[in-house]
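Participant: One file: work-v3.cif (mmCIF, C-alpha atoms).
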data_query
loop_
_atom_site.label_atom_id
_atom_site.label_comp_id
_atom_site.auth_asym_id
_atom_site.auth_seq_id
_atom_site.Cartn_x
_atom_site.Cartn_y
_atom_site.Cartn_z
CA MET P 86 97.86 98.88 70.68
CA ASP P 87 100.67 98.28 68.17
CA THR P 88 103.21 98.10 71.01
CA ILE P 89 101.13 95.53 72.92
CA ALA P 90 100.61 93.49 69.76
CA SER P 91 104.35 93.43 69.08
CA LEU P 92 104.88 91.73 72.46
CA PHE P 93 103.00 88.70 71.10
CA SER P 94 104.86 88.61 67.79
CA PHE P 95 106.23 85.18 68.73
CA ILE P 96 102.78 83.68 68.10
CA THR P 97 102.06 85.50 64.86
CA THR P 98 103.61 82.70 62.77
CA PRO P 99 101.29 79.95 64.14
CA VAL P 100 98.27 82.27 63.84
CA SER P 101 99.10 83.27 60.28
CA TRP P 102 99.70 79.63 59.34
CA VAL P 103 96.26 78.59 60.63
CA ILE P 104 94.59 81.46 58.76
CA VAL P 105 96.38 80.52 55.53
CA GLN P 106 95.30 76.87 55.83
CA PHE P 107 91.64 77.79 56.30
CA HIS P 108 91.93 80.37 53.49
CA ALA P 109 93.18 77.66 51.13
CA VAL P 110 90.06 75.59 51.87
CA TYR P 111 87.53 78.42 51.56
CA GLY P 112 89.38 79.93 48.58
CA LYS P 113 88.48 76.89 46.50
CA ILE P 114 84.79 77.52 47.23
CA PHE P 115 84.41 81.31 47.20
CA GLY P 116 87.60 82.42 45.40
CA PRO P 117 90.99 83.23 46.95
CA ASP P 118 90.63 87.03 46.80
CA THR P 119 87.11 87.30 48.28
CA GLY P 120 86.17 88.58 51.70
CA TRP P 121 84.25 85.35 52.34
CA ALA P 122 87.43 83.27 52.04
CA TRP P 123 89.47 85.49 54.40
CA GLY P 124 86.55 86.27 56.72
CA LEU P 125 85.59 82.62 57.18
CA ALA P 126 89.25 81.80 57.77
CA ILE P 127 89.25 84.22 60.72
CA VAL P 128 85.93 82.78 61.99
CA SER P 129 87.37 79.25 61.77
CA LEU P 130 90.43 80.41 63.71
CA VAL P 131 88.12 81.64 66.49
CA ILE P 132 86.18 78.37 66.59
CA LEU P 133 89.39 76.34 66.73
CA ILE P 134 90.74 78.43 69.61
CA ARG P 135 87.47 78.29 71.55
CA ILE P 136 87.22 74.52 71.18
CA CYS P 137 90.72 74.23 72.65
CA LEU P 138 89.63 76.52 75.53
CA ILE P 139 86.58 74.44 76.54
CA PRO P 140 88.43 72.80 79.49
CA LEU P 141 89.34 76.27 80.75
CA PHE P 142 85.73 77.38 80.32
CA VAL P 143 84.55 74.47 82.48
CA LYS P 144 87.12 75.44 85.09
CA GLN P 145 85.89 79.01 84.89
CA ILE P 146 82.31 77.91 85.64
CA LYS P 147 83.42 75.91 88.67
CA ALA P 148 85.56 78.76 89.94
CA THR P 149 82.74 81.29 89.52
CA ARG P 150 80.28 79.10 91.46
CA ALA P 151 82.86 78.49 94.16
CA MET P 152 83.37 82.23 94.49
CA GLN P 153 79.61 82.74 94.81
CA THR P 154 79.54 80.16 97.60
CA LEU P 155 82.38 81.90 99.45
CA GLN P 156 80.89 85.39 99.24
CA PRO P 157 79.17 85.26 102.69
CA GLU P 158 82.42 84.15 104.34
CA MET P 159 84.39 86.81 102.48
CA LYS P 160 81.95 89.47 103.63
CA LYS P 161 82.39 88.37 107.26
CA ILE P 162 86.19 88.61 106.93
CA GLN P 163 85.91 92.10 105.44
CA GLU P 164 83.70 93.27 108.30
CA ARG P 165 85.86 91.63 110.97
CA TYR P 166 89.19 93.03 109.71
CA LYS P 167 88.02 96.20 107.98
CA SER P 168 90.68 98.25 109.80
CA ASP P 169 93.52 95.80 109.07
CA LYS P 170 93.96 95.34 105.32
CA GLN P 171 96.97 93.04 105.66
CA ARG P 172 95.16 90.65 108.02
CA GLN P 173 92.15 90.81 105.72
CA SER P 174 94.26 89.73 102.73
CA GLU P 175 95.83 86.91 104.75
CA GLU P 176 92.45 85.58 105.84
CA MET P 177 91.17 85.80 102.26
CA MET P 178 94.12 83.79 100.96
CA LYS P 179 93.60 81.27 103.75
CA LEU P 180 89.93 80.93 102.79
CA TYR P 181 90.87 80.40 99.12
CA LYS P 182 93.43 77.77 100.08
CA GLU P 183 91.05 75.85 102.35
CA SER P 184 88.27 75.80 99.74
CA GLY P 185 90.65 75.12 96.83
CA THR P 186 89.39 78.20 94.94
CA ASN P 187 91.46 80.46 92.71
CA PRO P 188 89.94 83.91 91.94
CA LEU P 189 91.92 84.10 88.68
CA SER P 190 90.30 80.93 87.36
CA SER P 191 87.23 82.92 86.26
CA CYS P 192 89.46 84.97 83.94
CA LEU P 193 91.34 82.03 82.39
CA PRO P 194 89.50 81.93 79.00
CA ILE P 195 90.04 85.66 78.43
CA LEU P 196 93.69 85.49 79.47
CA ALA P 197 94.31 82.40 77.37
CA GLN P 198 92.93 83.85 74.14
CA SER P 199 94.51 87.29 74.58
CA PRO P 200 97.81 86.27 72.84
CA PHE P 201 95.84 85.03 69.81
CA PHE P 202 93.81 88.25 69.73
CA PHE P 203 96.88 90.50 69.73
CA ALA P 204 98.71 88.22 67.28
CA LEU P 205 95.79 88.49 64.85
CA TYR P 206 95.77 92.26 65.33
CA HIS P 207 99.50 92.31 64.50
CA VAL P 208 98.93 90.21 61.35
CA LEU P 209 96.07 92.41 60.08
CA ASN P 210 97.98 95.60 60.87
CA SER P 211 100.92 94.30 58.79
CA ILE P 212 98.52 93.55 55.92
CA ALA P 213 97.18 97.12 56.13
CA THR P 214 100.71 98.56 55.91
CA GLY P 215 101.72 96.16 53.11
CA LYS P 216 104.26 94.11 55.10
CA THR P 217 104.66 90.35 54.96
CA ILE P 218 104.37 88.56 58.27
CA GLY P 219 104.63 84.94 59.37
CA VAL P 220 103.77 82.61 56.49
CA ILE P 221 101.88 85.34 54.59
CA ASP P 222 104.07 86.09 51.55
CA GLU P 223 103.67 88.71 48.84
CA GLY P 224 100.98 86.78 46.94
CA LEU P 225 98.84 86.17 50.03
CA LEU P 226 99.42 89.76 51.17
CA GLU P 227 98.03 91.13 47.92
CA SER P 228 95.07 88.74 48.08
CA ALA P 229 94.26 89.82 51.65
CA ARG P 230 94.42 93.50 50.70
CA LYS P 231 91.84 92.91 47.97
CA ALA P 232 89.43 91.08 50.32
CA HIS P 233 86.41 93.16 51.38
CA ILE P 234 83.58 92.34 53.79
CA PHE P 235 80.45 94.22 52.67
CA GLY P 236 82.69 96.81 51.02
CA ALA P 237 85.11 97.23 53.96
CA PRO P 238 88.71 95.91 53.67
CA LEU P 239 89.85 93.46 56.38
CA ALA P 240 92.67 95.78 57.46
CA ALA P 241 90.63 99.03 57.54
CA LYS P 242 89.68 100.81 60.79
CA PHE P 243 86.92 103.24 61.74
CA THR P 244 89.54 105.93 62.52
CA ASP P 245 91.45 105.56 59.22
CA SER P 246 91.71 108.57 56.96
CA ALA P 247 90.06 108.73 53.56
CA ASP P 248 93.43 108.46 51.77
CA LYS P 249 94.38 105.28 53.64
CA VAL P 250 91.00 103.72 52.94
CA ALA P 251 91.27 104.73 49.28
CA SER P 252 94.63 102.93 49.05
CA LEU P 253 92.74 99.75 49.97
CA ASN P 254 90.22 100.34 47.14
CA ALA P 255 87.31 101.24 49.42
CA SER P 256 85.30 104.28 50.51
CA LEU P 257 85.43 105.82 53.97
CA THR P 258 81.62 105.69 54.27
CA ASP P 259 81.49 101.94 53.65
CA VAL P 260 84.26 101.33 56.17
CA ARG P 261 82.62 103.39 58.92
CA VAL P 262 79.13 101.96 58.37
CA VAL P 263 80.40 98.36 58.44
CA THR P 264 82.68 98.92 61.46
CA ALA P 265 79.93 100.80 63.38
CA ILE P 266 77.43 97.98 62.82
CA MET P 267 79.99 95.38 63.89
CA ILE P 268 80.91 97.38 67.01
CA ILE P 269 77.22 97.67 67.97
CA LEU P 270 76.69 93.93 67.47
CA MET P 271 79.84 93.16 69.44
CA SER P 272 78.76 95.35 72.39
CA ALA P 273 75.18 94.04 72.30
CA SER P 274 76.29 90.42 72.34
CA GLN P 275 78.57 91.13 75.30
CA PHE P 276 75.74 92.90 77.17
CA PHE P 277 73.26 90.08 76.51
CA THR P 278 75.80 87.45 77.62
CA GLN P 279 76.42 89.24 80.92
CA ARG P 280 72.73 89.99 81.42
CA GLN P 281 71.56 86.40 81.06
CA LEU P 282 74.26 85.42 83.55
CA MET P 283 72.94 87.92 86.08
CA THR P 284 69.21 87.40 85.58
CA LYS P 285 69.06 83.63 85.13
CA ASN P 286 72.16 81.90 86.50
CA VAL P 287 72.77 83.60 89.86
CA ASP P 288 71.62 82.24 93.21
CA THR P 289 68.83 84.65 94.17
CA THR P 290 68.80 83.51 97.81
CA VAL P 291 72.23 85.02 98.54
CA LYS P 292 72.86 88.76 98.17
CA THR P 293 76.60 89.40 97.98
CA PRO P 294 78.96 92.11 96.67
CA PHE P 295 79.91 89.68 93.89
CA MET P 296 76.47 90.20 92.33
CA GLN P 297 76.96 93.96 92.37
CA GLN P 298 80.34 93.58 90.66
CA GLN P 299 78.84 91.39 87.95
CA LYS P 300 76.03 93.89 87.43
CA MET P 301 78.58 96.67 87.03
CA LEU P 302 80.56 94.63 84.48
CA MET P 303 77.33 94.12 82.53
CA TYR P 304 77.44 97.82 81.62
CA VAL P 305 81.20 98.43 81.67
CA PHE P 306 82.25 95.75 79.17
CA PRO P 307 79.98 96.89 76.31
CA ILE P 308 81.20 100.46 76.76
CA MET P 309 84.82 99.27 76.65
CA PHE P 310 84.16 97.34 73.43
CA ALA P 311 82.52 100.41 71.87
CA VAL P 312 85.44 102.68 72.82
CA PHE P 313 88.28 100.37 71.79
CA GLY P 314 86.39 98.91 68.83
CA ILE P 315 86.91 102.01 66.70
CA ASN P 316 90.67 101.24 66.73
CA PHE P 317 90.26 97.59 65.67
CA PRO P 318 90.65 96.52 62.03
CA VAL P 319 87.60 94.93 60.41
CA GLY P 320 89.28 91.50 60.60
CA VAL P 321 89.76 91.88 64.38
CA LEU P 322 86.14 92.98 64.74
CA VAL P 323 85.15 89.78 62.91
CA TYR P 324 87.30 87.82 65.37
CA TRP P 325 85.88 89.52 68.47
CA LEU P 326 82.25 89.40 67.28
CA THR P 327 82.61 85.70 66.55
CA THR P 328 84.11 84.96 69.97
CA ASN P 329 81.32 86.96 71.69
CA VAL P 330 78.63 85.04 69.83
CA TRP P 331 80.39 81.76 70.69
CA THR P 332 80.54 82.75 74.37
CA MET P 333 76.86 83.71 74.36
CA GLY P 334 75.80 80.39 72.82
CA GLN P 335 78.11 78.40 75.09
CA GLN P 336 76.72 80.15 78.15
CA MET P 337 73.12 79.58 77.04
CA PHE P 338 73.89 75.86 76.74
CA VAL P 339 75.45 75.75 80.22
CA ILE P 340 72.60 77.71 81.79
CA ARG P 341 70.04 75.38 80.23
CA ARG P 342 71.83 72.10 81.02
CA ASN P 343 73.84 72.85 84.17
CA PRO P 344 72.38 75.89 85.97
CA THR P 345 73.60 77.35 89.23
CA PRO P 346 71.75 75.89 92.27
CA GLY P 347 69.15 78.29 93.61
CA SER P 348 68.91 80.30 90.37
CA LYS P 349 65.90 80.89 88.13
CA ALA P 350 67.60 78.75 85.50
CA GLN P 351 67.61 75.81 87.93
CA ALA P 352 63.89 76.27 88.60
CA ALA P 353 63.15 76.14 84.86
CA PHE P 354 65.49 73.16 84.35
CA LEU P 355 63.93 71.12 87.18
CA GLU P 356 60.45 71.93 85.89
CA ARG P 357 61.36 70.55 82.45
CA LEU P 358 63.03 67.53 84.03
CA GLN P 359 59.98 66.81 86.19
CA LYS P 360 57.68 66.85 83.16
CA GLN P 361 60.02 64.56 81.26
CA VAL P 362 60.40 62.06 84.10
CA THR P 363 56.68 61.94 84.94
CA HIS P 364 55.81 61.47 81.25
CA HIS P 365 58.26 58.62 80.58
CA LYS P 366 58.21 57.21 84.16
CA LYS P 367 62.00 57.00 84.06
CA VAL P 368 65.10 59.18 83.87
CA ARG P 369 66.68 59.69 80.47
CA GLY P 370 70.28 60.74 80.07
CA ARG P 371 73.33 60.38 82.28
CA GLY P 372 73.35 64.09 83.07
CA ASN P 373 69.77 64.03 84.38
CA THR P 374 70.58 60.96 86.45
CA ASN P 375 73.50 62.76 88.07
CA VAL P 376 71.30 65.79 88.82
CA ILE P 377 68.64 63.68 90.61
CA LYS P 378 71.35 61.75 92.44
CA ALA P 379 72.86 65.01 93.74
CA ILE P 380 69.44 66.32 94.83
CA VAL P 381 68.62 63.12 96.75
CA ALA P 382 72.04 63.17 98.43
CA LYS P 383 71.48 66.73 99.73
CA GLY P 384 68.70 65.65 102.10
CA ARG P 385 67.81 68.57 104.35
CA ASP P 386 70.10 70.94 102.44
CA ARG P 387 67.83 71.04 99.38
CA ASN P 388 66.77 74.47 98.22
CA GLU P 389 63.23 75.55 97.42
CA PHE P 390 63.30 74.44 93.77
CA GLU P 391 64.79 71.03 94.60
CA ARG P 392 62.15 70.35 97.25
CA LYS P 393 59.45 71.34 94.78
CA PHE P 394 60.94 68.91 92.26
CA ILE P 395 60.92 66.02 94.77
CA ASN P 396 57.35 66.81 95.83
CA GLY P 397 56.28 66.86 92.18
CA LEU P 398 57.66 63.37 91.65
CA THR P 399 55.92 62.22 94.82
CA LYS P 400 52.53 63.49 93.64
CA ALA P 401 53.07 61.64 90.35
CA GLY P 402 53.60 58.35 92.21
CA LEU P 403 57.37 58.28 91.66
CA ALA P 404 60.20 58.02 94.17
CA ALA P 405 63.73 59.30 93.49
CA GLN P 406 66.44 56.82 94.46
CA THR P 407 69.99 57.40 95.68
CA ASP P 408 71.43 56.19 92.36
CA GLY P 409 69.57 58.90 90.43
CA SER P 410 66.79 56.67 89.09
CA VAL P 411 63.08 56.74 89.90
CA VAL P 412 60.74 53.90 90.80
CA GLU P 413 57.01 53.76 90.24
CA GLY P 414 54.58 52.68 92.94
CA GLU P 415 50.85 51.91 93.08
CA SER P 416 50.30 54.93 95.30
CA PRO P 417 52.25 58.13 95.73
CA VAL P 418 55.30 57.66 97.89
CA ALA P 419 57.36 60.19 99.80
CA THR P 420 61.08 60.32 99.21
CA ALA P 421 61.68 62.87 101.94
CA THR P 422 60.23 63.73 105.31
CA GLU P 423 58.85 67.16 106.10
CA ASP P 424 62.25 68.43 107.21
CA GLY P 425 63.84 67.30 103.95
CA ALA P 426 65.58 64.14 105.20
CA PRO P 427 65.22 61.11 102.93
CA ALA P 428 62.91 58.43 104.21
CA ALA P 429 64.18 54.90 104.81
CA GLY P 430 63.60 52.36 102.08
CA GLY P 431 62.80 54.97 99.43
CA GLY P 432 59.75 56.32 101.29
CA ALA P 433 56.60 55.02 102.95
CA PRO P 434 52.96 55.44 101.91
CA LYS P 435 51.37 58.64 103.08
CA ARG P 436 48.92 58.42 106.00
CA GLN P 437 45.40 58.86 104.72
CA GLN P 438 43.31 61.46 106.57
CA PRO P 439 39.68 60.48 107.44
CA LYS P 440 37.01 62.17 105.36
CA ARG P 441 34.98 64.82 107.11
CA GLN P 442 31.28 63.89 107.57
CA SER P 443 28.34 66.24 107.31
CA LYS P 444 26.04 67.00 110.25
CA SER P 445 23.25 64.77 108.94
CA GLN P 446 25.67 61.87 108.51
CA ARG P 447 26.97 62.28 112.10
CA GLN P 448 23.39 62.36 113.51
CA SER P 449 22.47 59.26 111.51
CA ALA P 450 25.57 57.44 112.74
CA ALA P 451 24.79 58.42 116.35
CA ALA P 452 21.18 57.15 116.10
CA HIS P 453 22.38 53.91 114.55
CA GLY P 454 24.92 53.48 117.39
CA THR P 455 22.24 54.02 120.07
CA ALA P 456 19.94 51.45 118.53
CA LYS P 457 22.79 49.02 118.28
CA SER P 458 23.65 49.52 121.99
CA GLU P 459 20.05 48.82 123.04
CA GLY P 460 20.01 45.68 120.89
CA ASP P 461 23.24 44.50 122.48
CA ALA P 462 21.77 45.06 125.96
CA ASP P 463 18.67 42.96 125.17
CA SER P 464 20.86 40.26 123.75
CA ASP P 465 23.01 40.25 126.90
CA ALA P 466 19.88 39.96 129.03
CA LYS P 467 18.57 36.96 127.08
CA THR P 468 21.95 35.28 127.32
CA SER P 469 22.03 35.83 131.08
CA LEU P 470 18.59 34.23 131.52
CA GLU P 471 19.60 31.22 129.49
CA LYS P 472 22.78 30.80 131.54
CA THR P 473 20.76 31.05 134.77
CA LYS P 474 18.50 28.20 133.73
CA ASP P 475 21.41 25.96 132.85
CA GLU P 476 23.54 26.59 135.97
CA PRO P 477 23.48 24.01 138.80
CA GLU P 478 21.78 24.86 142.07
CA ASP P 479 24.93 25.21 144.15
CA ALA P 480 26.57 27.55 141.54
CA LYS P 481 23.72 30.10 141.64
CA PRO P 482 24.32 33.22 143.76
CA LYS P 483 22.66 33.38 147.13
CA ALA P 484 20.39 36.21 148.06
CA GLY P 485 22.09 38.91 150.06
CA GLY P 486 25.45 37.22 149.60
CA GLY P 487 28.54 39.40 149.99
CA LYS P 488 30.50 37.72 147.25
CA SER P 489 28.04 38.84 144.61
CA GLY P 490 28.16 42.41 145.80
CA SER P 491 31.93 42.46 146.04
CA GLY P 492 32.14 40.83 142.58
CA ASN P 493 29.93 43.54 141.12
CA ALA P 494 32.06 46.17 142.82
CA ARG P 495 35.26 44.68 141.44
CA GLN P 496 33.63 44.51 137.99
CA ALA P 497 32.65 48.18 138.18
CA LYS P 498 36.13 49.17 139.36
CA SER P 499 37.82 47.29 136.53
CA GLY P 500 35.91 49.42 134.00
CA GLN P 501 33.90 46.55 132.55
CA ARG P 502 30.43 47.31 131.27
CA LYS P 503 27.76 46.42 133.79
CA GLY P 504 25.03 44.30 132.21
CA GLN P 505 21.39 43.92 133.18
CA GLN P 506 20.73 42.52 136.66
CA ARG P 507 19.95 38.79 136.77
CA PRO P 508 16.41 38.02 138.04
CA LYS P 509 16.09 36.10 141.30
CA HIS P 510 15.19 32.42 141.17
CA PRO P 511 11.49 31.77 141.96
CA SER P 512 12.41 29.50 144.82
CA LYS P 513 14.29 32.37 146.56
CA LYS P 514 11.42 34.80 146.51
#
Any chance you could give the structure as structure tokens?
Facilitator:
Amino acid sequence: MDTIASLFSFITTPVSWVIVQFHAVYGKIFGPDTGWAWGLAIVSLVILIRICLIPLFVKQIKATRAMQTLQPEMKKIQERYKSDKQRQSEEMMKLYKESGTNPLSSCLPILAQSPFFFALYHVLNSIATGKTIGVIDEGLLESARKAHIFGAPLAAKFTDSADKVASLNASLTDVRVVTAIMIILMSASQFFTQRQLMTKNVDTTVKTPFMQQQKMLMYVFPIMFAVFGINFPVGVLVYWLTTNVWTMGQQMFVIRRNPTPGSKAQAAFLERLQKQVTHHKKVRGRGNTNVIKAIVAKGRDRNEFERKFINGLTKAGLAAQTDGSVVEGESPVATATEDGAPAAGGGAPKRQQPKRQSKSQRQSAAAHGTAKSEGDADSDAKTSLEKTKDEPEDAKPKAGGGKSGSGNARQAKSGQRKGQQRPKHPSKK
């Protein structure tokens, strides 16, 4: 570890300078020789580094999701060229290039903060051996050696001997209890961070080897921290515990606000968003607007949770628009057809199904229709008699005439209803 730390000695001066500046601030509050002043200086160093690494963290999220999307294609390439490893590697690189994905992007935050981690280890190790380093002079060195966190010196390790711990004005029991608790907290925070990633923010509709790898890392990383943690000084354990807690909180924020599509976190997020939108009848926040805009643009490619979200808005009488907003209508409107394609004009009113009638209602309606038909027939007969009286003599049909018969035949063929026969004129009898 000392050899690796010496490789990053070029960055020890900037790291020590930052620690000294924070120590000067906290020393005025808690005292320059206290563990609070030096411990909070290390915590502030972590926060400063992690804030600078936020752009890399965002890139890591995008790279991880892109890798999840490519897993089915990668599996096909592995099965197709399983006997030709060189061709398999070439096809993999071609796939990465076409999709613009870099597998190393998911490791960028860890790689970027590694120099600071080893530089801090080098600084604390020099404090433990009584050597000045960077901007830490004799006065600051003596102050750092006096600083204790819950009875454990910043430069003490779990594996240190009793004589070495005694030279730092501490007991071996205090050092091992404090370091053991910090190692357990460090491993637990790493396990919880990886577990919430696997259980909440992974697309459950796609089963890929990537998920198995992440599940394996969920158990491997905590074990690695427990094994290597016994060789870390207390100050480095403070650094690593702080960065693990920061990562856990940062990931919880991302999972809650920007979950992976198809994951359980997305289902919970869309459920909260649906309640908020239906309550206020509008979309609040630019981020929520962008989410709805992306869901509407997917059309038929929406997943199960996104379709449920759109249907929920529809039942509430709201229609999602292409710009991410929602409009309210007098009746529920549909923003998508059954196959998931968006309807023209923001949706059309749903077709109302006729209500089913009971047997007694159908019989009553049938009896009423029969009576109405008989009444119509009597009315037609009266009208025919009145017309017969008013017609001129030469316009009346002749008895036994062919035209009347052929007219009645044509009327029957045309599907017209045949009325009651007209009575013969008294003069023709």
Participant: I'd like the contact shell of range 128-136 of chain P - 7 Å cut-off, all atoms listed in the file, skipping same-chain residues fewer than 2 positions apart - returned as a count of residues only.
Facilitator: 10
Participant: What's the separation between CA of Lys366 in chain P and CA of Val381 in chain P, in Å to one decimal place?
Facilitator: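 Result for CA of Lys366 in chain P versus CA of Val381 in chain P: 17.4 Å, one decimal.
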Participant: Any chance you could work out the residue set of the PyMOL selection byres ((chain P and resi 218-230) around 12) here, as a ChimeraX atom specification?
Facilitator: /P:91,94-106,108-109,112,116-124,126-127,204-217,231-234,237-241,250-255,319-320
Participant: Using all atoms listed in the file, which protein or nucleic acid residues come within 12 Å of range 340-342 of chain P? Drop anything in the same chain fewer than 6 positions from it, and give the result as a list in words.
Facilitator: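 The residues that qualify are Ile146, Thr278, Gln281, Leu282, Met283, Thr284, Lys285, Asn286, Val287, Thr332, Met333, Gly334, Ser348, Lys349, Ala350, Gln351, Ala352, Ala353, Phe354, Leu355, Glu356, Arg357, Leu358, Gly370, Arg371, Gly372, Asn373, Asn375 and Val376 of chain P.
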Participant: Find the distance between CA of Tyr304 in chain P and CA of Phe277 in chain P and write it in Å to one decimal.
Facilitator: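 Between these atoms lies a distance of 10.2 Å.
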